[in-house]
file structure.pdb (PDB, C-alpha atoms, pLDDT in the B column)
ATOM      1  CA  VAL J   1      14.240  10.831  -1.665  1.00 51.00           C
ATOM      2  CA  ALA J   2      11.005   8.810  -1.873  1.00 53.00           C
ATOM      3  CA  LEU J   3      12.566   6.158   0.353  1.00 57.00           C
ATOM      4  CA  ALA J   4      12.978   8.752   3.116  1.00 59.00           C
ATOM      5  CA  GLY J   5       9.271   9.552   3.352  1.00 60.00           C
ATOM      6  CA  GLY J   6       8.946   9.400   7.127  1.00 63.00           C
ATOM      7  CA  ALA J   7       7.546   6.715   9.404  1.00 62.00           C
ATOM      8  CA  GLN J   8       4.598   5.867   7.122  1.00 71.00           C
ATOM      9  CA  GLY J   9       6.367   6.873   3.919  1.00 77.00           C
ATOM     10  CA  LEU J  10       3.805   9.605   3.238  1.00 91.00           C
ATOM     11  CA  ARG J  11       5.754  12.762   4.088  1.00 90.00           C
ATOM     12  CA  TYR J  12       6.185  13.899   0.485  1.00 90.00           C
ATOM     13  CA  ILE J  13       2.660  12.993  -0.554  1.00 92.00           C
ATOM     14  CA  ARG J  14       1.295  15.020   2.376  1.00 92.00           C
ATOM     15  CA  GLN J  15       3.538  17.917   1.375  1.00 93.00           C
ATOM     16  CA  LEU J  16       2.481  17.727  -2.286  1.00 93.00           C
ATOM     17  CA  LEU J  17      -1.223  17.668  -1.465  1.00 94.00           C
ATOM     18  CA  SER J  18      -0.854  20.480   1.064  1.00 94.00           C
ATOM     19  CA  GLN J  19       0.836  22.635  -1.556  1.00 95.00           C
ATOM     20  CA  ALA J  20      -1.756  21.671  -4.178  1.00 94.00           C
ATOM     21  CA  LYS J  21      -4.522  23.076  -1.938  1.00 92.00           C
ATOM     22  CA  GLN J  22      -2.988  26.511  -2.462  1.00 94.00           C
ATOM     23  CA  PHE J  23      -3.510  26.273  -6.232  1.00 94.00           C
ATOM     24  CA  PRO J  24      -7.163  25.642  -7.144  1.00 91.00           C
ATOM     25  CA  SER J  25      -6.178  25.436 -10.809  1.00 95.00           C
ATOM     26  CA  ILE J  26      -4.525  22.055 -10.132  1.00 95.00           C
ATOM     27  CA  LYS J  27      -7.118  19.529 -11.243  1.00 96.00           C
ATOM     28  CA  THR J  28      -5.087  16.316 -11.596  1.00 97.00           C
ATOM     29  CA  ILE J  29      -2.452  14.614  -9.457  1.00 96.00           C
ATOM     30  CA  ALA J  30      -0.764  11.331 -10.332  1.00 96.00           C
ATOM     31  CA  LEU J  31       1.039   9.304  -7.663  1.00 94.00           C
ATOM     32  CA  GLU J  32       3.103   6.151  -7.503  1.00 90.00           C
ATOM     33  CA  PHE J  33       3.189   4.398  -4.126  1.00 89.00           C
ATOM     34  CA  ASP J  34       3.375   1.154  -2.220  1.00 87.00           C
ATOM     35  CA  PRO J  35       0.004  -0.630  -2.501  1.00 90.00           C
ATOM     36  CA  ALA J  36      -0.098  -0.980   1.310  1.00 89.00           C
ATOM     37  CA  GLN J  37      -0.439   2.835   1.472  1.00 91.00           C
ATOM     38  CA  LEU J  38      -3.605   3.021  -0.647  1.00 93.00           C
ATOM     39  CA  LYS J  39      -6.081   3.550   2.222  1.00 94.00           C
ATOM     40  CA  SER J  40      -3.972   6.319   3.787  1.00 94.00           C
ATOM     41  CA  ILE J  41      -3.375   8.013   0.440  1.00 95.00           C
ATOM     42  CA  ARG J  42      -7.092   7.968  -0.405  1.00 94.00           C
ATOM     43  CA  ALA J  43      -7.800   9.729   2.916  1.00 95.00           C
ATOM     44  CA  LEU J  44      -5.151  12.368   2.189  1.00 95.00           C
ATOM     45  CA  ILE J  45      -6.538  12.931  -1.307  1.00 96.00           C
ATOM     46  CA  LYS J  46     -10.047  13.439   0.099  1.00 95.00           C
ATOM     47  CA  GLN J  47      -8.597  16.182   2.318  1.00 93.00           C
ATOM     48  CA  TRP J  48      -7.124  17.828  -0.789  1.00 94.00           C
ATOM     49  CA  SER J  49     -10.456  17.722  -2.594  1.00 93.00           C
ATOM     50  CA  PRO J  50     -13.567  16.024  -1.161  1.00 92.00           C
ATOM     51  CA  GLU J  51     -15.179  15.613  -4.600  1.00 92.00           C
ATOM     52  CA  VAL J  52     -12.128  13.963  -6.155  1.00 94.00           C
ATOM     53  CA  ARG J  53     -12.378  11.005  -8.566  1.00 96.00           C
ATOM     54  CA  VAL J  54      -9.647   8.414  -8.051  1.00 96.00           C
ATOM     55  CA  THR J  55      -8.520   6.019 -10.784  1.00 96.00           C
ATOM     56  CA  ILE J  56      -6.277   3.163  -9.670  1.00 95.00           C
ATOM     57  CA  ILE J  57      -3.386   2.239 -11.974  1.00 94.00           C
ATOM     58  CA  SER J  58      -2.575  -1.474 -11.953  1.00 93.00           C
ATOM     59  CA  ASP J  59      -0.485  -3.844 -14.027  1.00 87.00           C
ATOM     60  CA  GLY J  60      -3.128  -6.537 -13.522  1.00 88.00           C
ATOM     61  CA  ARG J  61      -1.340  -8.059 -10.555  1.00 86.00           C
ATOM     62  CA  LYS J  62      -0.381  -5.170  -8.329  1.00 89.00           C
ATOM     63  CA  ILE J  63      -1.533  -1.598  -7.748  1.00 89.00           C
ATOM     64  CA  ARG J  64       1.163   0.739  -9.037  1.00 89.00           C
ATOM     65  CA  GLY J  65      -0.339   4.179  -8.484  1.00 94.00           C
ATOM     66  CA  LEU J  66      -3.369   6.387  -8.995  1.00 96.00           C
ATOM     67  CA  VAL J  67      -4.652   9.461 -10.735  1.00 96.00           C
ATOM     68  CA  ALA J  68      -6.822  11.871  -8.742  1.00 96.00           C
ATOM     69  CA  GLN J  69      -8.999  14.370 -10.636  1.00 97.00           C
ATOM     70  CA  ARG J  70     -11.306  17.038  -9.359  1.00 93.00           C
TER      71      ARG J  70
END
call {"tool": "encode", "arguments": {"input": "structure.pdb", "output": "structure tokens"}}
result
Amino acid sequence: VALAGGAQGLRYIRQLLSQAKQFPSIKTIALEFDPAQLKSIRALIKQWSPEVRVTIISDGRKIRGLVAQR
């Protein structure tokens, strides 16, 4: 399913963050993504929660994902 994420590959991340807005009790979201999407994903996360803290997950060579906490 993740490979069918729309033109930019962000369809499901947009959907997840949109749904998360409806539940203020959600404080943490973890995502795995293509490193080329990082800038777009950061912008989407800021829409979810402007005061969010983002921690990048890396294997030392390549970004593998992130954890967003508000």
call {"tool": "closest_residue", "arguments": {"input": "structure.pdb", "among": "J:Tyr12, J:Ile26, J:Gln19, J:Gly65", "to": "Arg42 (chain J)", "atoms": "only C-alpha atoms"}}
result
J:Gly65
call {"tool": "atom_distance", "arguments": {"input": "structure.pdb", "atom1": "CA of Arg70 (chain J)", "atom2": "CA of Gln22 (chain J)"}}
result
14.4 Å
call {"tool": "resolve_selection", "arguments": {"input": "structure.pdb", "expression": "the PyMOL selection byres ((chain J and resi 53) around 6)", "output": "number ranges by chain"}}
result
J: 52, 54, 68-69
call {"tool": "resolve_selection", "arguments": {"input": "structure.pdb", "expression": "the PyMOL selection byres ((chain J and resi 45) around 10)", "output": "PyMOL selection string"}}
result
chain J and resi 13-14+17-18+29+40-44+46-54+68-69
call {"tool": "closest_residue", "arguments": {"input": "structure.pdb", "among": "J:Gly60, J:Leu16, J:Leu10, J:Pro24", "to": "Ala36 (chain J)", "atoms": "only C-alpha atoms"}}
result
J:Leu10
call {"tool": "atom_distance", "arguments": {"input": "structure.pdb", "atom1": "CA of Leu31 (chain J)", "atom2": "CA of Asp59 (chain J)"}}
result
14.7 Å
call {"tool": "resolve_selection", "arguments": {"input": "structure.pdb", "expression": "the PyMOL selection byres ((chain J and resi 32) around 9)", "output": "number ranges by chain"}}
result
J: 30-31, 33-35, 57, 64-66
call {"tool": "atom_distance", "arguments": {"input": "structure.pdb", "atom1": "CA of Ser25 (chain J)", "atom2": "CA of Ser58 (chain J)"}}
result
27.2 Å
